Structures are given as structure tokens and as C-alpha cells.
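Below is model-v9.cif, holding mmCIF, C-alpha atoms.
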data_model
#
loop_
_atom_site.group_PDB
_atom_site.id
_atom_site.type_symbol
_atom_site.label_atom_id
_atom_site.label_comp_id
_atom_site.auth_asym_id
_atom_site.auth_seq_id
_atom_site.Cartn_x
_atom_site.Cartn_y
_atom_site.Cartn_z
ATOM 1 C CA MET E 1153 1.834 -5.500 29.601
ATOM 2 C CA LEU E 1154 2.033 -1.976 30.984
ATOM 3 C CA GLY E 1155 5.152 -0.947 29.167
ATOM 4 C CA SER E 1156 8.259 -2.186 27.494
ATOM 5 C CA THR E 1157 11.665 -0.735 26.793
ATOM 6 C CA GLY E 1158 14.886 -1.818 25.249
ATOM 7 C CA PRO E 1159 15.365 -4.150 22.286
ATOM 8 C CA SER E 1160 11.873 -5.562 22.076
ATOM 9 C CA VAL E 1161 8.433 -5.164 20.563
ATOM 10 C CA ARG E 1162 7.369 -2.056 22.442
ATOM 11 C CA SER E 1163 3.907 -1.577 23.948
ATOM 12 C CA VAL E 1164 1.276 -1.186 21.235
ATOM 13 C CA VAL E 1165 -0.157 2.330 21.057
ATOM 14 C CA SER E 1166 -3.709 2.969 19.878
ATOM 15 C CA CYS E 1167 -6.348 5.660 19.785
ATOM 16 C CA LYS E 1168 -9.856 5.146 21.248
ATOM 17 C CA GLY E 1169 -11.107 3.378 18.109
ATOM 18 C CA THR E 1170 -14.830 2.697 18.141
ATOM 19 C CA ILE E 1171 -15.280 4.561 21.442
ATOM 20 C CA CYS E 1172 -14.700 7.745 19.393
ATOM 21 C CA ARG E 1173 -17.465 8.858 17.019
ATOM 22 C CA HIS E 1174 -14.965 8.753 14.124
ATOM 23 C CA GLY E 1175 -13.567 5.302 14.923
ATOM 24 C CA CYS E 1176 -14.221 2.691 12.254
ATOM 25 C CA CYS E 1177 -12.228 -0.195 13.676
ATOM 26 C CA ASP E 1178 -11.710 -1.834 17.058
ATOM 27 C CA THR E 1179 -8.258 -0.489 17.877
ATOM 28 C CA PHE E 1180 -8.484 -1.581 21.531
ATOM 29 C CA GLY E 1181 -9.294 -5.165 20.567
ATOM 30 C CA LEU E 1182 -6.536 -5.302 17.957
ATOM 31 C CA ALA E 1183 -4.021 -3.638 20.311
ATOM 32 C CA ARG E 1184 -4.887 -6.151 23.033
ATOM 33 C CA GLN E 1185 -4.487 -9.033 20.574
ATOM 34 C CA LEU E 1186 -1.113 -7.749 19.324
ATOM 35 C CA GLU E 1187 0.104 -6.978 22.835
ATOM 36 C CA GLU E 1188 -0.764 -10.476 24.073
ATOM 37 C CA LYS E 1189 0.955 -12.152 21.148
ATOM 38 C CA GLU E 1190 3.921 -9.859 20.409
ATOM 39 C CA GLY E 1191 4.257 -7.353 23.271
ATOM 40 C CA GLY E 1192 7.656 -7.345 24.929
ATOM 41 C CA ALA E 1193 9.070 -10.011 22.596
ATOM 42 C CA ASP E 1194 12.863 -9.894 22.651
ATOM 43 C CA LEU E 1195 14.357 -8.524 19.431
ATOM 44 C CA SER E 1196 17.910 -8.015 20.737
ATOM 45 C CA PRO E 1197 19.565 -5.766 19.840
ATOM 46 C CA ARG E 1198 16.794 -3.711 18.159
ATOM 47 C CA LYS E 1199 13.333 -2.360 18.925
ATOM 48 C CA LEU E 1200 10.045 -2.245 17.055
ATOM 49 C CA LYS E 1201 7.067 0.065 17.620
ATOM 50 C CA ILE E 1202 3.448 -0.529 16.592
ATOM 51 C CA ALA E 1203 0.603 2.004 16.463
ATOM 52 C CA LEU E 1204 -3.079 1.787 15.527
ATOM 53 C CA ALA E 1205 -5.481 4.555 14.496
ATOM 54 C CA GLY E 1206 -9.209 4.052 14.090
ATOM 55 C CA CYS E 1207 -9.752 6.734 11.458
ATOM 56 C CA PRO E 1208 -7.932 9.136 9.121
ATOM 57 C CA ASN E 1209 -7.698 11.713 11.952
ATOM 58 C CA ASN E 1210 -4.681 9.575 12.929
ATOM 59 C CA CYS E 1211 -4.534 10.453 16.632
ATOM 60 C CA SER E 1212 -1.809 7.861 17.254
ATOM 61 C CA ARG E 1213 0.416 9.014 14.343
ATOM 62 C CA VAL E 1214 0.827 5.604 12.751
ATOM 63 C CA GLN E 1215 3.283 6.834 10.101
ATOM 64 C CA PHE E 1216 5.917 7.433 12.800
ATOM 65 C CA ASN E 1217 6.076 3.800 13.921
ATOM 66 C CA ASP E 1218 7.771 0.714 12.512
ATOM 67 C CA ILE E 1219 4.333 -0.828 11.887
ATOM 68 C CA GLY E 1220 1.225 1.321 11.724
ATOM 69 C CA PHE E 1221 -2.362 0.491 10.868
ATOM 70 C CA MET E 1222 -4.857 3.235 10.091
ATOM 71 C CA GLY E 1223 -8.510 2.312 10.098
ATOM 72 C CA GLY E 1224 -11.466 4.327 9.031
ATOM 73 C CA HIS E 1225 -11.215 3.581 5.366
ATOM 74 C CA ARG E 1226 -14.866 3.093 4.581
ATOM 75 C CA PHE E 1227 -15.549 4.153 1.056
ATOM 76 C CA PRO E 1228 -19.209 4.848 0.226
ATOM 77 C CA ARG E 1229 -21.617 3.174 -2.160
ATOM 78 C CA PHE E 1230 -24.664 5.279 -2.990
ATOM 79 C CA ASP E 1231 -28.252 4.179 -3.516
ATOM 80 C CA GLU E 1232 -29.557 7.205 -5.405
ATOM 81 C CA GLU E 1233 -33.113 5.854 -5.423
ATOM 82 C CA GLY E 1234 -33.090 5.749 -1.614
ATOM 83 C CA CYS E 1235 -31.576 9.246 -1.324
ATOM 84 C CA ASN E 1236 -34.004 12.015 -0.404
ATOM 85 C CA ARG E 1237 -31.416 14.776 -1.107
ATOM 86 C CA CYS E 1238 -31.462 15.991 2.501
ATOM 87 C CA GLY E 1239 -27.814 17.046 2.193
ATOM 88 C CA ALA E 1240 -26.649 15.473 5.471
ATOM 89 C CA CYS E 1241 -23.815 13.664 3.672
ATOM 90 C CA GLU E 1242 -22.711 16.854 1.909
ATOM 91 C CA THR E 1243 -22.727 18.786 5.201
ATOM 92 C CA VAL E 1244 -20.663 16.218 7.110
ATOM 93 C CA CYS E 1245 -18.043 15.671 4.360
ATOM 94 C CA LYS E 1246 -14.985 17.763 5.317
ATOM 95 C CA GLU E 1247 -13.258 16.831 2.056
ATOM 96 C CA ASN E 1248 -16.048 18.230 -0.164
ATOM 97 C CA ALA E 1249 -16.272 14.896 -1.934
ATOM 98 C CA ILE E 1250 -20.083 14.980 -2.049
ATOM 99 C CA THR E 1251 -22.364 17.617 -3.499
ATOM 100 C CA ILE E 1252 -26.120 17.525 -3.905
ATOM 101 C CA GLY E 1253 -27.548 19.586 -6.747
ATOM 102 C CA ASP E 1254 -30.401 19.712 -9.201
ATOM 103 C CA ASP E 1255 -28.909 16.738 -11.044
ATOM 104 C CA GLY E 1256 -28.712 14.649 -7.872
ATOM 105 C CA LEU E 1257 -25.732 13.460 -5.888
ATOM 106 C CA VAL E 1258 -22.224 13.982 -7.281
ATOM 107 C CA PHE E 1259 -19.372 12.060 -5.653
ATOM 108 C CA SER E 1260 -15.638 12.703 -6.136
ATOM 109 C CA ALA E 1261 -13.668 9.528 -5.397
ATOM 110 C CA GLU E 1262 -10.428 11.523 -5.727
ATOM 111 C CA ARG E 1263 -11.363 13.757 -2.779
ATOM 112 C CA CYS E 1264 -12.806 11.013 -0.563
ATOM 113 C CA ILE E 1265 -10.473 9.809 2.203
ATOM 114 C CA GLY E 1266 -12.808 7.001 3.296
ATOM 115 C CA CYS E 1267 -13.672 8.366 6.739
ATOM 116 C CA GLY E 1268 -17.172 6.887 6.542
ATOM 117 C CA ASP E 1269 -18.880 9.931 8.083
ATOM 118 C CA CYS E 1270 -21.311 10.168 5.167
ATOM 119 C CA ILE E 1271 -22.290 6.528 5.689
ATOM 120 C CA THR E 1272 -23.105 6.928 9.377
ATOM 121 C CA THR E 1273 -24.841 10.281 8.873
ATOM 122 C CA CYS E 1274 -27.334 9.295 6.164
ATOM 123 C CA PRO E 1275 -30.803 9.199 7.802
ATOM 124 C CA LYS E 1276 -32.225 7.001 5.007
ATOM 125 C CA ASP E 1277 -29.404 4.414 4.908
ATOM 126 C CA ALA E 1278 -28.957 5.321 1.241
ATOM 127 C CA ILE E 1279 -25.174 5.155 1.631
ATOM 128 C CA GLY E 1280 -23.514 1.803 2.246
ATOM 129 C CA ILE E 1281 -19.955 0.533 2.354
ATOM 130 C CA ALA E 1282 -18.376 -0.157 -1.029
ATOM 131 C CA GLU E 1283 -14.924 -1.000 0.350
ATOM 132 C CA GLU E 1284 -13.295 -0.904 3.759
ATOM 133 C CA GLY E 1285 -10.044 -1.877 5.404
ATOM 134 C CA LEU E 1286 -6.923 -0.710 7.175
ATOM 135 C CA SER E 1287 -4.010 1.121 5.603
ATOM 136 C CA LEU E 1288 -0.613 -0.309 6.516
ATOM 137 C CA PHE E 1289 2.447 1.889 7.023
ATOM 138 C CA LEU E 1290 5.916 0.375 7.430
ATOM 139 C CA GLY E 1291 9.284 1.731 8.488
ATOM 140 C CA GLY E 1292 8.354 4.984 10.183
ATOM 141 C CA ARG E 1293 10.162 6.517 13.103
ATOM 142 C CA ALA E 1294 10.186 9.672 15.182
ATOM 143 C CA GLY E 1295 13.059 11.126 17.166
ATOM 144 C CA ARG E 1296 16.318 12.542 15.876
ATOM 145 C CA ARG E 1297 16.103 10.974 12.435
ATOM 146 C CA ILE E 1298 12.458 11.224 11.453
ATOM 147 C CA ARG E 1299 11.216 8.897 8.749
ATOM 148 C CA LEU E 1300 7.654 8.841 7.505
ATOM 149 C CA GLY E 1301 6.458 5.256 7.100
ATOM 150 C CA THR E 1302 5.785 3.973 3.603
ATOM 151 C CA GLU E 1303 2.135 3.248 2.882
ATOM 152 C CA VAL E 1304 1.671 -0.239 1.472
ATOM 153 C CA LYS E 1305 -0.715 -0.353 -1.482
ATOM 154 C CA GLY E 1306 -4.137 -1.838 -0.911
ATOM 155 C CA ARG E 1307 -6.114 -2.401 2.264
ATOM 156 C CA VAL E 1308 -5.723 -4.959 5.031
ATOM 157 C CA ALA E 1309 -8.812 -6.594 6.508
ATOM 158 C CA GLU E 1310 -9.062 -5.919 10.226
ATOM 159 C CA ALA E 1311 -9.257 -9.684 10.834
ATOM 160 C CA ASP E 1312 -5.901 -10.194 9.050
ATOM 161 C CA ALA E 1313 -3.911 -7.456 10.822
ATOM 162 C CA ALA E 1314 -2.600 -9.569 13.714
ATOM 163 C CA GLU E 1315 -1.363 -12.398 11.486
ATOM 164 C CA LEU E 1316 0.275 -9.928 9.091
ATOM 165 C CA THR E 1317 1.977 -8.173 12.009
ATOM 166 C CA GLU E 1318 3.343 -11.494 13.261
ATOM 167 C CA ARG E 1319 4.760 -12.248 9.793
ATOM 168 C CA ILE E 1320 6.394 -8.801 9.584
ATOM 169 C CA ILE E 1321 7.974 -9.159 13.036
ATOM 170 C CA THR E 1322 9.235 -12.673 12.245
ATOM 171 C CA TYR E 1323 10.830 -11.432 9.016
ATOM 172 C CA PHE E 1324 12.266 -8.367 10.761
ATOM 173 C CA ALA E 1325 13.831 -10.460 13.546
ATOM 174 C CA ALA E 1326 15.422 -12.867 11.052
ATOM 175 C CA HIS E 1327 16.778 -10.321 8.546
ATOM 176 C CA THR E 1328 17.953 -7.196 10.368
ATOM 177 C CA ARG E 1329 21.359 -6.267 11.685
ATOM 178 C CA ASP E 1330 22.223 -5.151 15.231
ATOM 179 C CA GLY E 1331 20.364 -1.960 16.127
ATOM 180 C CA GLU E 1332 18.743 -1.653 12.698
ATOM 181 C CA ARG E 1333 15.150 -0.388 12.550
ATOM 182 C CA LEU E 1334 12.520 -1.588 10.093
ATOM 183 C CA GLY E 1335 12.762 1.589 7.987
ATOM 184 C CA ARG E 1336 16.388 0.855 7.093
#

Output the structure of this file as C-alpha cells.
Amino acid sequence: MLGSTGPSVRSVVSCKGTICRHGCCDTFGLARQLEEKEGGADLSPRKLKIALAGCPNNCSRVQFNDIGFMGGHRFPRFDEEGCNRCGACETVCKENAITIGDDGLVFSAERCIGCGDCITTCPKDAIGIAEEGLSLFLGGRAGRRIRLGTEVKGRVAEADAAELTERIITYFAAHTRDGERLGR
């Protein structure tokens, strides 16, 4: 579907996903799957917008949509024996969550946003994935009455995102009033 307007599930918006060097999830594949299943579905008399981002750079601004998934949450697991202290992970980490010193590698989980850059940069494969998944934001909207979507606790597996979206849309269609958006 090239576009949709009116009281319906609007066209799914996504960033480049894995085509981008930061992309950690297949946003094109998920967008295509959601668009085929939900795109243009009649929700008279209300609308619903969906956005997908492949990493925490959030190019598609998922928090300003009724349903938003943000990928790129790849939290690192370190193999200190395999680490040669080259400092590549420290250099690439924009959050300063990793430092390499005389005592070895020091990691700050509080600073880490799960972008996964340290994992892909390590030349010795001494950094693996401890946890990964999508963040889910619900109820956002842009326009005259801006509302930042609420982040749902926990992570959603990429494989479960389409089914979860279908359940949210089904609930939304059955329980909202005329013209009401998900955030209300």
C-alpha cells in the first residue's frame, strides 16, 4: 500500500533498519509484514499510526506514533579473556559506558543504551549479545496536541512484534470511542 488516510491503520513508517550501519533489526521486513496484515484497515471513525526504528538514533521518531517499536537494543556480554584491550569498544561508545584501564574493562550498565556498536566493532569477537529486543512505545502523537508515547517495560522479540501489534489494534478497535486515539 502506497499510502492511507482517514480513519484507518495508516501506512507503516520505518527507517532503513539493517541497511544502515546502526540498524539492529529488519525494519523493512517488519514494516512490510505489518503493512500487508494491518495497512489500511478500517478503524472508523479513528486513525492509528505505526513507526519502526532500527536503533536508538530513532530516525522515525517512534514515540510520536500510536504504536512504535525501537530496535537496536543489543546489550553486551564481555569475554574478558578474549579481550586484547585494543580500546575499539571504548572509542566507539558514544555513551562512555565502556572504559579500558590498567584493571581491564569497566562497563557501566546504567550508561549503556544498547546500541550494539561495541559488539560489532570488537575485532576479537570478545563482546557478544547478553540481551536484545525491541522497545515498545504506545499512545504517542504529533501535531497540535503532542503526546510522547509511553514506553512499555521489557523488550519485545522481533519475531513477536507483528502478533503483538495485531492484538493492540484489535483491542483498540473494540474499546475506543469515535475519534479517540490510542493515547487517550

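Put simply, the PyMOL selection byres ((chain E and resi 1313) around 10) on this file hits Leu1182, Gln1185, Leu1186, Phe1221, Gly1285, Leu1286, Leu1288, Val1308, Ala1309, Glu1310, Ala1311, Asp1312, Ala1314, Glu1315, Leu1316, Thr1317, Glu1318 and Arg1319 of chain E.
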
Which residues fall under the PyMOL selection byres ((chain E and resi 1297) around 12) in this file, as a PyMOL selection string? chain E and resi 1216+1292-1296+1298-1300+1333+1335-1336

Put those residues in a file: C-alpha atoms, as a compact mmCIF listing (two decimals), keeping the file's coordinate frame.
# COMPACT_ATOMS: atom_id res chain seq x y z
CA PHE E 1216 5.92 7.43 12.80
CA GLY E 1292 8.35 4.98 10.18
CA ARG E 1293 10.16 6.52 13.10
CA ALA E 1294 10.19 9.67 15.18
CA GLY E 1295 13.06 11.13 17.17
CA ARG E 1296 16.32 12.54 15.88
CA ILE E 1298 12.46 11.22 11.45
CA ARG E 1299 11.22 8.90 8.75
CA LEU E 1300 7.65 8.84 7.50
CA ARG E 1333 15.15 -0.39 12.55
CA GLY E 1335 12.76 1.59 7.99
CA ARG E 1336 16.39 0.86 7.09

So for segment 1195-1203 of chain E, what box centre and size do we get, axis-aligned, 8 Å extra on each of the six sides, every listed atom, Å to one decimal, as JSON?
{"center_x": 10.1, "center_y": -3.3, "center_z": 18.6, "size_x": 35.0, "size_y": 26.5, "size_z": 20.3}

- Shortest interatomic distance to Ile1321 of chain E - which of E:Cys1270, E:Val1244, E:Leu1195, E:Cys1172, counting only C-alpha atoms: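 For Ile1321 of chain E, the nearest of the given residues is E:Leu1195.
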
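A straight line drawn from atom CA of Asn1236 of chain E to atom CA of Gly1256 of chain E is 9.5 Å long.
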
**Prompt:** In Å, how far is it from atom CA of Val1258 of chain E to atom CA of Pro1208 of chain E?
**Reply:**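 It comes out at 22.3 Å.
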
Practice item. Taking the file above as input, evaluate the PyMOL selection byres ((chain E and resi 1155-1169) around 9) and report the hits as number ranges by chain. Key: E: 1153-1154, 1170-1180, 1182-1184, 1186-1187, 1190-1207, 1210-1212, 1214, 1223, 1321, 1331

* To do: Have a look at atom CA of Ile1320 of chain E and atom CA of Phe1289 of chain E and let me know their distance in Å, one decimal.
  =>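 Straight-line distance from atom CA of Ile1320 of chain E to atom CA of Phe1289 of chain E works out to 11.7 Å.
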
Using all atoms listed in the file, the residue out of E:Ala1240, E:Thr1251, E:Leu1290, E:Arg1307 with shortest distance to Lys1276 of chain E is E:Ala1240

* Asked: Looking at E:Tyr1323, E:Phe1227, E:Ser1287, E:Pro1275, which one is nearest to Phe1259 of chain E, with distances taken over all atoms listed in the file?
  ->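 So, comparing all the options, the nearest one is E:Phe1227.
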